[in-house]
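Asks: So that we are looking at the same thing, I have put the structure below in structure tokens.
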Amino acid sequence: MFRSTFKRGNTPSGEARQPLFTAPQPRSEQADVPESPRAPEPEAKREVQQYQRDTHANTGDLNASLGKGSEFEGKLAFEGKVRIDGTFTGEISTNDTLHIGEGAKVSAEISCGTVIVEGDVVGNIKATGAVELHRPAKVRGDITSPSLSIEKGVVFEGRSKMESIEASNVVNLRAAADEA
């Protein structure tokens, strides 16, 4: 077994050791130099920032995102709103919102509160709140939801079952004044 001991202080020869690292000292001559004004942002950077704002402007409080070009395989369980713009294979479950963006390819069994689809989905979708299919979505699988909206131009191959709210595990909340 290799054992190493480090001692602080003097070297065996009796001379004081110099520290291996010294903390940087602030330079006083630079304090007098005013900072140069910030250069304007390049136009390309501004365009990217605008694209990001436009892409996620209506997403509200987005908890997670699987971006374009990303691939993921497995089980996804989450709280809050999640957006998928890449490729996902597996199983998705939540009581909250799943947004499958345009260009996304999802092959999964989906069980969510609300599902918004603009990309390609292969697999069954069960929602306790609503399912919205927006152009250019392509869905191949069965949909079970109390509310289903299909925009003109969407491809839907499968069966749909419109469950009542009572049968879909949604609890109605009523104000105390409503019950009186």
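Note on naming: chains are A, B, ... as they come in the structure tokens, residues start from 1 per chain, ligands start from 1 in the order shown.
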Among region 88-177 of chain A, which ones does DSSP place in strand (DSSP E or B), written as a VMD selection string?
Replies: chain A and resid 88 to 93 97 to 100 105 to 117 120 to 122 125 to 133 138 to 140 143 to 144 148 to 150 155 to 157 160 to 161
Asks: Can you spit out the residues from that selection as a compact mmCIF listing (two decimals), in the first residue's frame, using N, CA and C atoms?
Replies:
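Result file is out02.txt:
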# COMPACT_ATOMS: atom_id res chain seq x y z
N PHE A 88 -38.18 11.44 -29.22
CA PHE A 88 -38.39 10.77 -27.94
C PHE A 88 -39.02 9.41 -28.20
N THR A 89 -38.51 8.37 -27.54
CA THR A 89 -39.07 7.03 -27.63
C THR A 89 -39.24 6.50 -26.21
N GLY A 90 -40.44 5.99 -25.88
CA GLY A 90 -40.64 5.42 -24.55
C GLY A 90 -42.01 5.66 -24.00
N GLU A 91 -42.06 6.23 -22.79
CA GLU A 91 -43.30 6.40 -22.04
C GLU A 91 -43.28 7.78 -21.38
N ILE A 92 -44.41 8.50 -21.46
CA ILE A 92 -44.50 9.84 -20.88
C ILE A 92 -45.72 9.88 -19.97
N SER A 93 -45.53 10.35 -18.72
CA SER A 93 -46.67 10.46 -17.81
C SER A 93 -46.55 11.69 -16.94
N THR A 97 -48.87 19.58 -18.52
CA THR A 97 -48.94 19.82 -19.96
C THR A 97 -47.70 19.32 -20.69
N LEU A 98 -47.94 18.62 -21.79
CA LEU A 98 -46.89 18.18 -22.70
C LEU A 98 -47.13 18.86 -24.04
N HIS A 99 -46.11 19.54 -24.56
CA HIS A 99 -46.20 20.20 -25.86
C HIS A 99 -45.20 19.54 -26.80
N ILE A 100 -45.70 18.91 -27.85
CA ILE A 100 -44.85 18.26 -28.85
C ILE A 100 -44.78 19.21 -30.04
N LYS A 105 -40.46 14.09 -33.21
CA LYS A 105 -40.88 12.73 -33.52
C LYS A 105 -40.96 11.97 -32.20
N VAL A 106 -42.18 11.61 -31.80
CA VAL A 106 -42.40 10.95 -30.52
C VAL A 106 -43.05 9.59 -30.79
N SER A 107 -42.43 8.56 -30.26
CA SER A 107 -43.00 7.21 -30.32
C SER A 107 -43.15 6.76 -28.88
N ALA A 108 -44.38 6.92 -28.33
CA ALA A 108 -44.55 6.68 -26.90
C ALA A 108 -46.00 6.47 -26.53
N GLU A 109 -46.19 5.85 -25.36
CA GLU A 109 -47.48 5.80 -24.70
C GLU A 109 -47.54 7.04 -23.82
N ILE A 110 -48.52 7.90 -24.06
CA ILE A 110 -48.57 9.20 -23.40
C ILE A 110 -49.79 9.26 -22.49
N SER A 111 -49.56 9.63 -21.23
CA SER A 111 -50.64 9.82 -20.26
C SER A 111 -50.39 11.15 -19.56
N CYS A 112 -51.18 12.18 -19.93
CA CYS A 112 -50.94 13.53 -19.44
C CYS A 112 -52.24 14.24 -19.10
N GLY A 113 -52.10 15.41 -18.49
CA GLY A 113 -53.25 16.26 -18.25
C GLY A 113 -53.70 16.90 -19.55
N THR A 114 -52.81 17.64 -20.20
CA THR A 114 -53.08 18.28 -21.48
C THR A 114 -51.95 17.95 -22.44
N VAL A 115 -52.30 17.62 -23.68
CA VAL A 115 -51.30 17.31 -24.70
C VAL A 115 -51.56 18.22 -25.90
N ILE A 116 -50.53 18.94 -26.31
CA ILE A 116 -50.59 19.79 -27.50
C ILE A 116 -49.62 19.21 -28.51
N VAL A 117 -50.10 18.86 -29.70
CA VAL A 117 -49.26 18.18 -30.69
C VAL A 117 -49.18 19.01 -31.96
N ASP A 120 -44.92 14.74 -34.98
CA ASP A 120 -45.35 13.37 -35.28
C ASP A 120 -45.39 12.54 -34.01
N VAL A 121 -46.52 11.84 -33.80
CA VAL A 121 -46.67 10.97 -32.64
C VAL A 121 -47.14 9.60 -33.12
N VAL A 122 -46.43 8.56 -32.67
CA VAL A 122 -46.86 7.19 -32.89
C VAL A 122 -47.05 6.59 -31.51
N ILE A 125 -52.53 8.16 -26.81
CA ILE A 125 -52.53 9.36 -25.96
C ILE A 125 -53.76 9.29 -25.06
N LYS A 126 -53.53 9.42 -23.75
CA LYS A 126 -54.63 9.50 -22.79
C LYS A 126 -54.43 10.79 -22.01
N ALA A 127 -55.45 11.66 -22.07
CA ALA A 127 -55.36 12.95 -21.39
C ALA A 127 -56.54 13.12 -20.46
N THR A 128 -56.28 13.67 -19.27
CA THR A 128 -57.36 13.93 -18.32
C THR A 128 -57.98 15.30 -18.55
N GLY A 129 -57.30 16.15 -19.30
CA GLY A 129 -57.81 17.50 -19.56
C GLY A 129 -58.23 17.68 -21.00
N ALA A 130 -57.24 17.76 -21.91
CA ALA A 130 -57.54 18.03 -23.31
C ALA A 130 -56.40 17.56 -24.19
N VAL A 131 -56.74 17.30 -25.46
CA VAL A 131 -55.75 17.01 -26.50
C VAL A 131 -56.01 17.99 -27.63
N GLU A 132 -54.96 18.71 -28.04
CA GLU A 132 -55.05 19.65 -29.15
C GLU A 132 -54.08 19.21 -30.24
N LEU A 133 -54.60 19.01 -31.44
CA LEU A 133 -53.76 18.64 -32.59
C LEU A 133 -53.74 19.83 -33.55
N LYS A 138 -49.09 14.86 -37.07
CA LYS A 138 -49.45 13.54 -37.57
C LYS A 138 -49.49 12.62 -36.36
N VAL A 139 -50.66 12.06 -36.08
CA VAL A 139 -50.83 11.19 -34.93
C VAL A 139 -51.33 9.84 -35.41
N ARG A 140 -50.59 8.80 -35.04
CA ARG A 140 -50.99 7.43 -35.35
C ARG A 140 -51.13 6.68 -34.04
N ILE A 143 -56.68 8.04 -29.13
CA ILE A 143 -56.73 9.19 -28.23
C ILE A 143 -57.93 9.05 -27.32
N THR A 144 -57.69 9.17 -26.01
CA THR A 144 -58.76 9.16 -25.01
C THR A 144 -58.66 10.46 -24.23
N LEU A 148 -61.20 17.07 -27.26
CA LEU A 148 -60.31 16.82 -28.40
C LEU A 148 -60.53 17.90 -29.44
N SER A 149 -59.42 18.54 -29.84
CA SER A 149 -59.48 19.58 -30.86
C SER A 149 -58.52 19.20 -31.98
N ILE A 150 -59.04 19.13 -33.22
CA ILE A 150 -58.21 18.77 -34.36
C ILE A 150 -58.31 19.87 -35.40
N VAL A 155 -53.14 15.12 -39.68
CA VAL A 155 -53.36 13.72 -40.03
C VAL A 155 -53.54 12.94 -38.73
N PHE A 156 -54.69 12.29 -38.58
CA PHE A 156 -54.97 11.49 -37.39
C PHE A 156 -55.46 10.12 -37.85
N GLU A 157 -54.67 9.10 -37.54
CA GLU A 157 -55.03 7.72 -37.88
C GLU A 157 -55.16 6.95 -36.57
N SER A 160 -60.75 7.61 -31.47
CA SER A 160 -60.84 8.58 -30.38
C SER A 160 -61.98 8.19 -29.46
N LYS A 161 -61.77 8.36 -28.18
CA LYS A 161 -62.80 8.07 -27.19
C LYS A 161 -62.92 9.31 -26.31
Asks: Give me the residues near Lys68 (chain A) as a ChimeraX atom specification, where near means some atom within 12 Å (using only C-alpha atoms) and where sequence neighbours in that chain fewer than 6 positions away do not count.
Replies: /A:55,83-88,100-105,119
Asks: Quick one: residues within 10 Å of Asn63 (chain A), only C-alpha atoms, excluding same-chain residues fewer than 5 positions away - as a list in words?
Replies: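 So, after excluding close chain neighbours, the residues are Phe78, Glu79, Gly80, Lys81, Val82 and Arg83 of chain A.
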Asks: May I ask for the distance between CA of Ala77 (chain A) and CA of Thr94 (chain A), given in Å to one decimal place?
Replies: 5.7 Å
Asks: What is the distance between CA of Gly74 (chain A) and CA of Gly123 (chain A), in Å to one decimal?
Replies: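 About the pair CA of Gly74 (chain A) and CA of Gly123 (chain A): they are 14.3 Å apart.
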Asks: How many Å lie between CA of Lys75 (chain A) and CA of Arg159 (chain A), rounded to one decimal?
Replies: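 Atom-to-atom, CA of Lys75 (chain A) and CA of Arg159 (chain A) are spaced 24.2 Å apart.
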